[in-house]
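Okay, so here's the structure we're looking at.
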Amino acid sequence: MGKRSVIPYGPQHPVLPEPIHLDLVIEDEKIVEAIPSIGFIHRGLEKLTEKRDFNQMAYVAERICGICSFGHGYGYCEAVEHVMNVEVPDRAKFLRTIWFELSRLHSHLLWAGLMADAFGFENLFYQCWRVREKVLDAIELTTGGRVIFSVNKVGGVLKDITPEMQKMILETVDFVEKETKSLQKTFMNDYSVQSRMKGVGILTKEQAHAFGCAGPFARASGIATDMRMRGYAAYGEIDMEPITSDDCDCYARCDVRIREIFQSIDIIRQAISKIPEGEIAAAVKGNPDGEYFMRIEQPRGEADYYIRGNGTPNLDRMRVRTPTFANLAGLCETLKGADYADVGILVVTIDPCISCTER
Amino acid sequence: MNATEGKNEIITITAAELPIRAMEMKEKGLRLSQACAAWVKKESKLELLYSFVDDTTYDAFTYRVSLEEAERDSEVASISGIFPYAAFYENEMRELFGANIKVIDPDFHNKLYRIKEETPFVPKKKEEA
């Protein structure tokens, strides 16, 4: 047995996009154990329910994360709508679905760029973010914001997507589809990319289940679960199946996320072809009194929202469980037995968002 | 698409029942989706909620342990021995809400979040205030 030593990793590290700290127990450059610790950016956003009313909290929820902002706003609003028995108009459900998938597109392209950067393929990184920029343009045109959309409200949405905007979105997804096919060839076929990802960071289906993993991280280990299959928003009207892989390694996680980009493009096209005419928001009266447990599929995986109202404008509890929180245990398992040099890739492979995790 | 919304139930149990229910969920192949605490202001009680989900049927069962003001400090057994990843949730519940969860593994000793303010954030018990 070689000599064991502990190497602190993060919270500041060139490869880490977010501040997480890992104590890595190393033996001959192989990781024996990884002990995570978080807590550098806890902002107490859930506690703000004491000072902000339930309508204002929709905008607080969006600020949990700069990448999954739309999803957090949506998840919160739908949970409150369930508590208040608000029937959201069908058009608003489709609008939410379109924005949610645009959000997933830009999140997955952002991740692809960060992944390329993690294994030192700078050109691929720039190409991914160049494509992502077009998605941000479409989001900006339809919502006015590039990071925080602020279009969700309890009862529906604040803005509509006109036929001209729909045409522009379709042109954007055509562009993204064409460019992503090119990126996919590099990610999946390039020798140096494969050498960094194939067979690295294996997490079997049994392990993924045992450690409660969620989202693309779990689907890349063969678990066919996708909260969109529950049919919230307009997903009940959309043809889709969870995208999975049985390879269980970093390469599989990359493969799943890239195929999910094409899936999101397909969902956007379906949603635009089926979007009905009508109102975009329902009237909301009174204050939430009751509780609801809501699950949605964020780009990084399943996110949970627990809302408890007490009949006043201020909720007793807004709880958000983010996908990274669920995936931390799985990450530590994949790190066991990995080479020290692969830690950066393995951390990025779960698409970590510590801002979400700590709220 | 055949949407499968799944069940979504919230069931109140006692603290003693929690490990039993958790074990049942594990044996049925369900996954711990989240756990959190909630301070119910009007009734001055602390609630611990553990949600278990089925990845095939999308059913969700949330077990609620409700601790009245007088029994807020009573011990609740950690389920981190049954679901290892419950430790993060339970550390958070203890640090931010003062839930007296025992034998969490790993135990961050109320330092999961590196915040300057004194925790827990729930109001002190009436006899302590």
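Ordered as shown in the structure tokens, chains take letters A, B, and onward, while each chain numbers its residues from 1 and ligands are numbered from 1 in the order shown.
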
* Residues of chain B within 9 Å of chain A, using only C-alpha atoms, as an MDAnalysis selection string? -> chainID B and resid 1:6 8:10 29:42 51 55:56 58 60 62 83:85 88:89 108 111:115 121

Kindly export the residues of the current selection with C-alpha atoms, as a PDB file, in the first residue's frame.
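This went into result_30.pdb:
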ATOM      1  CA  MET B   1     -46.974  11.230 -25.219  1.00  0.00           C
ATOM      2  CA  ASN B   2     -48.379   9.127 -22.409  1.00  0.00           C
ATOM      3  CA  ALA B   3     -47.692  11.429 -19.476  1.00  0.00           C
ATOM      4  CA  THR B   4     -47.347   9.658 -16.119  1.00  0.00           C
ATOM      5  CA  GLU B   5     -48.011  12.207 -13.439  1.00  0.00           C
ATOM      6  CA  GLY B   6     -47.681   9.680 -10.608  1.00  0.00           C
ATOM      7  CA  ASN B   8     -47.964  12.802  -4.911  1.00  0.00           C
ATOM      8  CA  GLU B   9     -48.832  12.111  -1.289  1.00  0.00           C
ATOM      9  CA  ILE B  10     -47.784  13.789   1.958  1.00  0.00           C
ATOM     10  CA  GLY B  29     -36.579   0.458  -4.727  1.00  0.00           C
ATOM     11  CA  LEU B  30     -37.573   4.091  -4.185  1.00  0.00           C
ATOM     12  CA  ARG B  31     -34.990   6.848  -4.022  1.00  0.00           C
ATOM     13  CA  LEU B  32     -34.765   9.624  -1.427  1.00  0.00           C
ATOM     14  CA  SER B  33     -35.524  12.672  -3.514  1.00  0.00           C
ATOM     15  CA  GLN B  34     -35.190  15.348  -0.874  1.00  0.00           C
ATOM     16  CA  ALA B  35     -35.487  16.038   2.826  1.00  0.00           C
ATOM     17  CA  CYS B  36     -36.134  19.390   4.416  1.00  0.00           C
ATOM     18  CA  ALA B  37     -37.399  21.047   7.549  1.00  0.00           C
ATOM     19  CA  ALA B  38     -40.142  23.654   7.765  1.00  0.00           C
ATOM     20  CA  TRP B  39     -41.007  26.003  10.592  1.00  0.00           C
ATOM     21  CA  VAL B  40     -44.783  26.419  10.801  1.00  0.00           C
ATOM     22  CA  LYS B  41     -45.105  29.852  12.350  1.00  0.00           C
ATOM     23  CA  LYS B  42     -48.810  29.884  13.206  1.00  0.00           C
ATOM     24  CA  SER B  51     -39.633  12.635   0.033  1.00  0.00           C
ATOM     25  CA  ASP B  55     -38.176   6.517 -11.016  1.00  0.00           C
ATOM     26  CA  THR B  56     -40.438   4.207 -13.030  1.00  0.00           C
ATOM     27  CA  TYR B  58     -42.985   8.811 -10.925  1.00  0.00           C
ATOM     28  CA  ALA B  60     -43.746  10.497  -4.772  1.00  0.00           C
ATOM     29  CA  THR B  62     -43.408  12.582   1.394  1.00  0.00           C
ATOM     30  CA  PHE B  83     -29.801   6.307   2.442  1.00  0.00           C
ATOM     31  CA  PRO B  84     -26.148   7.482   2.700  1.00  0.00           C
ATOM     32  CA  TYR B  85     -26.824  10.663   0.727  1.00  0.00           C
ATOM     33  CA  PHE B  88     -26.385  16.431   3.366  1.00  0.00           C
ATOM     34  CA  TYR B  89     -30.097  17.055   3.844  1.00  0.00           C
ATOM     35  CA  PHE B 108     -20.574  18.455   9.472  1.00  0.00           C
ATOM     36  CA  LYS B 111     -20.768  23.880   9.585  1.00  0.00           C
ATOM     37  CA  LEU B 112     -22.243  22.632   6.311  1.00  0.00           C
ATOM     38  CA  TYR B 113     -22.859  26.248   5.378  1.00  0.00           C
ATOM     39  CA  ARG B 114     -20.104  28.689   6.286  1.00  0.00           C
ATOM     40  CA  ILE B 115     -22.367  31.508   7.420  1.00  0.00           C
ATOM     41  CA  PHE B 121     -32.813  30.439  12.295  1.00  0.00           C
TER      42      PHE B 121
END

* DSSP on the backbone, then: every residue of region 91-307 of chain A marked strand (DSSP E or B), written as a list in words. =>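 The strand (DSSP E or B) residues within region 91-307 of chain A come out as Asn152, Lys153, Gly156, Val157, Ala281, Asp289, Gly290, Glu291, Tyr292, Phe293, Met294, Arg295, Ile296, Glu297, Gln298, Gly301, Glu302, Ala303, Asp304, Tyr305, Tyr306 and Ile307 of chain A.
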
* Show which residues sit within 10 Å of Leu46 (chain B), as a list in words. Count only C-alpha atoms, and ignore same-chain residues fewer than 6 positions away. => Ala37, Ala38, Trp39, Val40, Val65, Ser66, Leu67, Glu68, Glu69, Glu71, Arg72, Asp73, Phe97, Gly98, Ala99 and Val122 of chain B

Keeping only N, CA and C atoms, write the selected residues to a file as a PDB file, in the first residue's frame.
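And here is the file that came out, result26.pdb:
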ATOM      1  N   ALA B  37     -36.635  20.679   6.363  1.00  0.00           N
ATOM      2  CA  ALA B  37     -37.399  21.047   7.549  1.00  0.00           C
ATOM      3  C   ALA B  37     -38.216  22.286   7.223  1.00  0.00           C
ATOM      4  N   ALA B  38     -39.315  22.454   7.934  1.00  0.00           N
ATOM      5  CA  ALA B  38     -40.142  23.654   7.765  1.00  0.00           C
ATOM      6  C   ALA B  38     -40.596  24.125   9.137  1.00  0.00           C
ATOM      7  N   TRP B  39     -40.522  25.417   9.346  1.00  0.00           N
ATOM      8  CA  TRP B  39     -41.007  26.003  10.592  1.00  0.00           C
ATOM      9  C   TRP B  39     -42.401  26.559  10.327  1.00  0.00           C
ATOM     10  N   VAL B  40     -43.409  25.971  11.007  1.00  0.00           N
ATOM     11  CA  VAL B  40     -44.783  26.419  10.801  1.00  0.00           C
ATOM     12  C   VAL B  40     -45.084  27.466  11.866  1.00  0.00           C
ATOM     13  N   VAL B  65     -42.635  14.362   9.661  1.00  0.00           N
ATOM     14  CA  VAL B  65     -42.541  14.195  11.118  1.00  0.00           C
ATOM     15  C   VAL B  65     -42.823  15.568  11.707  1.00  0.00           C
ATOM     16  N   SER B  66     -43.917  15.650  12.472  1.00  0.00           N
ATOM     17  CA  SER B  66     -44.345  16.939  13.002  1.00  0.00           C
ATOM     18  C   SER B  66     -43.975  17.037  14.482  1.00  0.00           C
ATOM     19  N   LEU B  67     -43.172  18.031  14.828  1.00  0.00           N
ATOM     20  CA  LEU B  67     -42.722  18.185  16.213  1.00  0.00           C
ATOM     21  C   LEU B  67     -43.313  19.465  16.804  1.00  0.00           C
ATOM     22  N   GLU B  68     -44.206  19.262  17.761  1.00  0.00           N
ATOM     23  CA  GLU B  68     -44.840  20.416  18.410  1.00  0.00           C
ATOM     24  C   GLU B  68     -43.800  21.190  19.225  1.00  0.00           C
ATOM     25  N   GLU B  69     -44.183  22.401  19.649  1.00  0.00           N
ATOM     26  CA  GLU B  69     -43.266  23.278  20.392  1.00  0.00           C
ATOM     27  C   GLU B  69     -42.560  22.550  21.543  1.00  0.00           C
ATOM     28  N   GLU B  71     -41.949  19.426  22.016  1.00  0.00           N
ATOM     29  CA  GLU B  71     -41.087  18.285  21.661  1.00  0.00           C
ATOM     30  C   GLU B  71     -40.108  18.611  20.528  1.00  0.00           C
ATOM     31  N   ARG B  72     -39.888  19.892  20.322  1.00  0.00           N
ATOM     32  CA  ARG B  72     -39.016  20.328  19.227  1.00  0.00           C
ATOM     33  C   ARG B  72     -37.606  19.765  19.334  1.00  0.00           C
ATOM     34  N   ASP B  73     -37.154  19.604  20.581  1.00  0.00           N
ATOM     35  CA  ASP B  73     -35.782  19.141  20.793  1.00  0.00           C
ATOM     36  C   ASP B  73     -35.668  17.625  20.843  1.00  0.00           C
ATOM     37  N   PHE B  97     -32.375  24.667  10.967  1.00  0.00           N
ATOM     38  CA  PHE B  97     -33.667  24.618  11.652  1.00  0.00           C
ATOM     39  C   PHE B  97     -33.585  24.038  13.064  1.00  0.00           C
ATOM     40  N   GLY B  98     -32.415  23.576  13.465  1.00  0.00           N
ATOM     41  CA  GLY B  98     -32.244  23.069  14.828  1.00  0.00           C
ATOM     42  C   GLY B  98     -32.855  21.711  15.076  1.00  0.00           C
ATOM     43  N   ALA B  99     -33.160  20.968  14.004  1.00  0.00           N
ATOM     44  CA  ALA B  99     -33.715  19.620  14.203  1.00  0.00           C
ATOM     45  C   ALA B  99     -32.679  18.750  14.907  1.00  0.00           C
ATOM     46  N   VAL B 122     -34.685  29.281  13.333  1.00  0.00           N
ATOM     47  CA  VAL B 122     -36.052  29.247  13.892  1.00  0.00           C
ATOM     48  C   VAL B 122     -36.056  29.974  15.248  1.00  0.00           C
TER      49      VAL B 122
END

* Find the spatial neighbours of Asp105 (chain B), counting only C-alpha atoms, within a cut-off of 9 Å - ignore same-chain residues fewer than 5 positions away - and output them as a count of residues only. => 6

* Which of region 13-98 of chain B DSSP labels alpha helix (DSSP H), written as a ChimeraX atom specification -> /B:18-27,86-97

What would the file look like if the residues just selected were written as an mmCIF file, in the first residue's frame with N, CA and C atoms?
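For reference, selection.cif as written:
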data_model
loop_
_atom_site.group_PDB
_atom_site.id
_atom_site.type_symbol
_atom_site.label_atom_id
_atom_site.label_comp_id
_atom_site.auth_asym_id
_atom_site.auth_seq_id
_atom_site.Cartn_x
_atom_site.Cartn_y
_atom_site.Cartn_z
ATOM 1 N N LEU B 18 -40.063 6.896 11.339
ATOM 2 C CA LEU B 18 -39.284 7.355 10.191
ATOM 3 C C LEU B 18 -38.293 6.308 9.647
ATOM 4 N N PRO B 19 -37.439 5.712 10.499
ATOM 5 C CA PRO B 19 -36.503 4.720 9.952
ATOM 6 C C PRO B 19 -37.212 3.517 9.337
ATOM 7 N N ILE B 20 -38.368 3.160 9.915
ATOM 8 C CA ILE B 20 -39.117 2.001 9.391
ATOM 9 C C ILE B 20 -39.628 2.318 7.988
ATOM 10 N N ARG B 21 -40.219 3.521 7.854
ATOM 11 C CA ARG B 21 -40.747 3.926 6.543
ATOM 12 C C ARG B 21 -39.599 4.056 5.524
ATOM 13 N N ALA B 22 -38.482 4.598 5.987
ATOM 14 C CA ALA B 22 -37.335 4.760 5.077
ATOM 15 C C ALA B 22 -36.845 3.410 4.582
ATOM 16 N N MET B 23 -36.803 2.446 5.486
ATOM 17 C CA MET B 23 -36.373 1.101 5.103
ATOM 18 C C MET B 23 -37.358 0.475 4.118
ATOM 19 N N GLU B 24 -38.650 0.697 4.376
ATOM 20 C CA GLU B 24 -39.672 0.184 3.447
ATOM 21 C C GLU B 24 -39.478 0.763 2.045
ATOM 22 N N MET B 25 -39.232 2.059 2.009
ATOM 23 C CA MET B 25 -39.044 2.729 0.721
ATOM 24 C C MET B 25 -37.811 2.169 0.001
ATOM 25 N N LYS B 26 -36.763 1.936 0.759
ATOM 26 C CA LYS B 26 -35.530 1.406 0.172
ATOM 27 C C LYS B 26 -35.777 -0.002 -0.390
ATOM 28 N N GLU B 27 -36.491 -0.800 0.380
ATOM 29 C CA GLU B 27 -36.762 -2.170 -0.075
ATOM 30 C C GLU B 27 -37.643 -2.186 -1.325
ATOM 31 N N ALA B 86 -28.549 10.937 2.465
ATOM 32 C CA ALA B 86 -29.454 11.742 3.300
ATOM 33 C C ALA B 86 -28.658 12.677 4.202
ATOM 34 N N ALA B 87 -27.360 12.377 4.360
ATOM 35 C CA ALA B 87 -26.533 13.136 5.305
ATOM 36 C C ALA B 87 -26.516 14.634 4.994
ATOM 37 N N PHE B 88 -26.408 15.000 3.717
ATOM 38 C CA PHE B 88 -26.385 16.431 3.366
ATOM 39 C C PHE B 88 -27.681 17.114 3.804
ATOM 40 N N TYR B 89 -28.797 16.467 3.494
ATOM 41 C CA TYR B 89 -30.097 17.055 3.844
ATOM 42 C C TYR B 89 -30.235 17.190 5.364
ATOM 43 N N GLU B 90 -29.828 16.137 6.064
ATOM 44 C CA GLU B 90 -30.012 16.139 7.522
ATOM 45 C C GLU B 90 -29.075 17.137 8.203
ATOM 46 N N ASN B 91 -27.863 17.270 7.679
ATOM 47 C CA ASN B 91 -26.967 18.303 8.211
ATOM 48 C C ASN B 91 -27.588 19.687 8.040
ATOM 49 N N GLU B 92 -28.214 19.900 6.867
ATOM 50 C CA GLU B 92 -28.858 21.201 6.611
ATOM 51 C C GLU B 92 -30.033 21.423 7.567
ATOM 52 N N MET B 93 -30.845 20.380 7.773
ATOM 53 C CA MET B 93 -32.022 20.509 8.651
ATOM 54 C C MET B 93 -31.607 20.825 10.082
ATOM 55 N N ARG B 94 -30.521 20.231 10.520
ATOM 56 C CA ARG B 94 -30.064 20.470 11.894
ATOM 57 C C ARG B 94 -29.440 21.864 12.026
ATOM 58 N N GLU B 95 -28.618 22.210 11.009
ATOM 59 C CA GLU B 95 -27.909 23.489 11.124
ATOM 60 C C GLU B 95 -28.851 24.687 11.004
ATOM 61 N N LEU B 96 -29.742 24.665 10.032
ATOM 62 C CA LEU B 96 -30.584 25.844 9.775
ATOM 63 C C LEU B 96 -31.874 25.860 10.593
ATOM 64 N N PHE B 97 -32.375 24.667 10.967
ATOM 65 C CA PHE B 97 -33.667 24.618 11.652
ATOM 66 C C PHE B 97 -33.585 24.038 13.064
#

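Atom pair CA of Thr119 (chain B) / CA of Thr14 (chain B): separated by 25.2 Å.
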
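Here the question is which of A:Leu346, A:Leu110, A:Val151, A:Val32 gets nearest to Val131 (chain A) using only C-alpha atoms, and that residue is A:Leu110.
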
Selection near Val176 (chain A), 12 Å with only C-alpha atoms, sequence-local residues under 2 positions removed, as a PDB file with N, CA and C atoms, in the first residue's frame:
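selection32.pdb, freshly written:
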ATOM      1  N   LEU A 102     -35.562  26.317 -24.428  1.00  0.00           N
ATOM      2  CA  LEU A 102     -34.482  27.249 -24.833  1.00  0.00           C
ATOM      3  C   LEU A 102     -33.452  27.344 -23.709  1.00  0.00           C
ATOM      4  N   LEU A 105     -31.348  24.312 -23.759  1.00  0.00           N
ATOM      5  CA  LEU A 105     -30.383  24.383 -24.867  1.00  0.00           C
ATOM      6  C   LEU A 105     -29.152  25.171 -24.442  1.00  0.00           C
ATOM      7  N   HIS A 106     -29.393  26.361 -23.862  1.00  0.00           N
ATOM      8  CA  HIS A 106     -28.231  27.194 -23.529  1.00  0.00           C
ATOM      9  C   HIS A 106     -27.449  26.607 -22.373  1.00  0.00           C
ATOM     10  N   HIS A 108     -27.095  23.276 -21.713  1.00  0.00           N
ATOM     11  CA  HIS A 108     -26.318  22.131 -22.212  1.00  0.00           C
ATOM     12  C   HIS A 108     -25.138  22.603 -23.075  1.00  0.00           C
ATOM     13  N   LEU A 109     -25.364  23.669 -23.857  1.00  0.00           N
ATOM     14  CA  LEU A 109     -24.246  24.183 -24.684  1.00  0.00           C
ATOM     15  C   LEU A 109     -23.178  24.820 -23.806  1.00  0.00           C
ATOM     16  N   GLN A 127     -16.386  27.248 -29.791  1.00  0.00           N
ATOM     17  CA  GLN A 127     -17.436  26.900 -30.758  1.00  0.00           C
ATOM     18  C   GLN A 127     -18.771  26.641 -30.046  1.00  0.00           C
ATOM     19  N   CYS A 128     -18.708  25.941 -28.915  1.00  0.00           N
ATOM     20  CA  CYS A 128     -19.948  25.647 -28.160  1.00  0.00           C
ATOM     21  C   CYS A 128     -20.605  26.942 -27.691  1.00  0.00           C
ATOM     22  N   TRP A 129     -19.796  27.841 -27.185  1.00  0.00           N
ATOM     23  CA  TRP A 129     -20.360  29.086 -26.666  1.00  0.00           C
ATOM     24  C   TRP A 129     -20.792  30.022 -27.787  1.00  0.00           C
ATOM     25  N   ARG A 130     -20.181  29.889 -28.946  1.00  0.00           N
ATOM     26  CA  ARG A 130     -20.627  30.681 -30.101  1.00  0.00           C
ATOM     27  C   ARG A 130     -22.059  30.265 -30.471  1.00  0.00           C
ATOM     28  N   VAL A 131     -22.311  28.971 -30.496  1.00  0.00           N
ATOM     29  CA  VAL A 131     -23.650  28.472 -30.825  1.00  0.00           C
ATOM     30  C   VAL A 131     -24.639  28.896 -29.731  1.00  0.00           C
ATOM     31  N   ARG A 132     -24.197  28.794 -28.486  1.00  0.00           N
ATOM     32  CA  ARG A 132     -25.066  29.154 -27.351  1.00  0.00           C
ATOM     33  C   ARG A 132     -25.516  30.616 -27.440  1.00  0.00           C
ATOM     34  N   GLU A 133     -24.643  31.458 -27.965  1.00  0.00           N
ATOM     35  CA  GLU A 133     -24.947  32.887 -28.063  1.00  0.00           C
ATOM     36  C   GLU A 133     -26.234  33.137 -28.855  1.00  0.00           C
ATOM     37  N   LYS A 134     -26.450  32.329 -29.884  1.00  0.00           N
ATOM     38  CA  LYS A 134     -27.664  32.486 -30.710  1.00  0.00           C
ATOM     39  C   LYS A 134     -28.917  32.145 -29.885  1.00  0.00           C
ATOM     40  N   VAL A 135     -28.777  31.158 -29.011  1.00  0.00           N
ATOM     41  CA  VAL A 135     -29.919  30.801 -28.159  1.00  0.00           C
ATOM     42  C   VAL A 135     -30.214  31.956 -27.205  1.00  0.00           C
ATOM     43  N   LEU A 136     -29.151  32.549 -26.660  1.00  0.00           N
ATOM     44  CA  LEU A 136     -29.344  33.693 -25.759  1.00  0.00           C
ATOM     45  C   LEU A 136     -30.008  34.853 -26.491  1.00  0.00           C
ATOM     46  N   ALA A 138     -32.150  34.593 -28.925  1.00  0.00           N
ATOM     47  CA  ALA A 138     -33.584  34.258 -29.047  1.00  0.00           C
ATOM     48  C   ALA A 138     -34.296  34.502 -27.721  1.00  0.00           C
ATOM     49  N   ILE A 169     -37.360  31.928 -33.591  1.00  0.00           N
ATOM     50  CA  ILE A 169     -36.932  30.804 -32.734  1.00  0.00           C
ATOM     51  C   ILE A 169     -36.676  29.565 -33.600  1.00  0.00           C
ATOM     52  N   LEU A 170     -37.570  29.330 -34.572  1.00  0.00           N
ATOM     53  CA  LEU A 170     -37.390  28.166 -35.437  1.00  0.00           C
ATOM     54  C   LEU A 170     -36.102  28.289 -36.260  1.00  0.00           C
ATOM     55  N   GLU A 171     -35.807  29.510 -36.727  1.00  0.00           N
ATOM     56  CA  GLU A 171     -34.544  29.714 -37.460  1.00  0.00           C
ATOM     57  C   GLU A 171     -33.347  29.472 -36.540  1.00  0.00           C
ATOM     58  N   THR A 172     -33.493  29.919 -35.292  1.00  0.00           N
ATOM     59  CA  THR A 172     -32.398  29.724 -34.324  1.00  0.00           C
ATOM     60  C   THR A 172     -32.151  28.246 -34.073  1.00  0.00           C
ATOM     61  N   VAL A 173     -33.233  27.486 -33.851  1.00  0.00           N
ATOM     62  CA  VAL A 173     -33.023  26.062 -33.558  1.00  0.00           C
ATOM     63  C   VAL A 173     -32.510  25.307 -34.790  1.00  0.00           C
ATOM     64  N   ASP A 174     -32.874  25.798 -35.991  1.00  0.00           N
ATOM     65  CA  ASP A 174     -32.288  25.190 -37.206  1.00  0.00           C
ATOM     66  C   ASP A 174     -30.774  25.374 -37.194  1.00  0.00           C
ATOM     67  N   LYS A 178     -27.859  22.423 -36.809  1.00  0.00           N
ATOM     68  CA  LYS A 178     -26.784  22.227 -37.800  1.00  0.00           C
ATOM     69  C   LYS A 178     -25.409  22.298 -37.120  1.00  0.00           C
ATOM     70  N   GLU A 179     -25.241  23.290 -36.275  1.00  0.00           N
ATOM     71  CA  GLU A 179     -23.937  23.477 -35.627  1.00  0.00           C
ATOM     72  C   GLU A 179     -23.653  22.374 -34.599  1.00  0.00           C
ATOM     73  N   THR A 180     -24.710  21.939 -33.892  1.00  0.00           N
ATOM     74  CA  THR A 180     -24.499  20.910 -32.864  1.00  0.00           C
ATOM     75  C   THR A 180     -24.124  19.576 -33.506  1.00  0.00           C
ATOM     76  N   LYS A 181     -24.651  19.324 -34.714  1.00  0.00           N
ATOM     77  CA  LYS A 181     -24.251  18.088 -35.417  1.00  0.00           C
ATOM     78  C   LYS A 181     -22.741  18.089 -35.648  1.00  0.00           C
ATOM     79  N   SER A 182     -22.241  19.261 -35.993  1.00  0.00           N
ATOM     80  CA  SER A 182     -20.796  19.392 -36.213  1.00  0.00           C
ATOM     81  C   SER A 182     -20.036  19.211 -34.882  1.00  0.00           C
ATOM     82  N   LEU A 183     -20.545  19.849 -33.815  1.00  0.00           N
ATOM     83  CA  LEU A 183     -19.895  19.704 -32.498  1.00  0.00           C
ATOM     84  C   LEU A 183     -19.955  18.253 -32.025  1.00  0.00           C
ATOM     85  N   GLN A 184     -21.087  17.606 -32.302  1.00  0.00           N
ATOM     86  CA  GLN A 184     -21.267  16.216 -31.869  1.00  0.00           C
ATOM     87  C   GLN A 184     -20.191  15.316 -32.466  1.00  0.00           C
ATOM     88  N   ILE A 258     -25.612  15.840 -25.332  1.00  0.00           N
ATOM     89  CA  ILE A 258     -25.656  16.329 -26.716  1.00  0.00           C
ATOM     90  C   ILE A 258     -26.933  15.833 -27.403  1.00  0.00           C
ATOM     91  N   ILE A 261     -29.784  17.959 -26.533  1.00  0.00           N
ATOM     92  CA  ILE A 261     -29.877  19.231 -27.283  1.00  0.00           C
ATOM     93  C   ILE A 261     -30.810  19.024 -28.475  1.00  0.00           C
ATOM     94  N   PHE A 262     -30.627  17.917 -29.188  1.00  0.00           N
ATOM     95  CA  PHE A 262     -31.512  17.633 -30.328  1.00  0.00           C
ATOM     96  C   PHE A 262     -32.949  17.382 -29.853  1.00  0.00           C
ATOM     97  N   GLN A 263     -33.072  16.749 -28.696  1.00  0.00           N
ATOM     98  CA  GLN A 263     -34.408  16.500 -28.144  1.00  0.00           C
ATOM     99  C   GLN A 263     -35.116  17.826 -27.827  1.00  0.00           C
ATOM    100  N   SER A 264     -34.362  18.773 -27.230  1.00  0.00           N
ATOM    101  CA  SER A 264     -34.954  20.082 -26.906  1.00  0.00           C
ATOM    102  C   SER A 264     -35.387  20.807 -28.173  1.00  0.00           C
ATOM    103  N   ILE A 265     -34.558  20.698 -29.221  1.00  0.00           N
ATOM    104  CA  ILE A 265     -34.916  21.332 -30.502  1.00  0.00           C
ATOM    105  C   ILE A 265     -36.227  20.746 -31.012  1.00  0.00           C
ATOM    106  N   ASP A 266     -36.353  19.424 -30.915  1.00  0.00           N
ATOM    107  CA  ASP A 266     -37.574  18.759 -31.367  1.00  0.00           C
ATOM    108  C   ASP A 266     -38.781  19.220 -30.534  1.00  0.00           C
TER     109      ASP A 266
END

* Asked: Between CA of Ala208 (chain A) and CA of Val15 (chain A), what is the spacing in Å?
  ->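 Calculated distance between CA of Val15 (chain A) and CA of Ala208 (chain A) is 24.2 Å.
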
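Note that the spacing between CA of Val83 (chain A) and CA of Glu46 (chain A) amounts to 17.7 Å.
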
* Find the spatial neighbours of Leu114 (chain A), counting only C-alpha atoms, within a cut-off of 10 Å - ignore same-chain residues fewer than 5 positions away - and output them as an NGL selection string. => :A and (15-17 or 108-109 or 119-122 or 124-126 or 128-129 or 345 or 348-349 or 351)

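For the set A:Arg257, A:Arg219, A:His72, A:His82, the residue with the smallest atom-to-atom gap to Asp289 (chain A) is A:His82, counting only C-alpha atoms.
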
* To do: Show which residues sit within 12 Å of Val147 (chain A), as a ChimeraX atom specification. Count only C-alpha atoms, and ignore same-chain residues fewer than 2 positions away.
  => /A:62-71,99,102-103,106-107,133,135-140,143-145,149-151

* Nearest to Lys102 (chain B) among B:Ile82, B:Lys124, B:Ser74, B:Leu49, with distances taken over only C-alpha atoms: which residue is it? ->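 With only C-alpha atoms as the atom set, the closest residue is B:Ser74.
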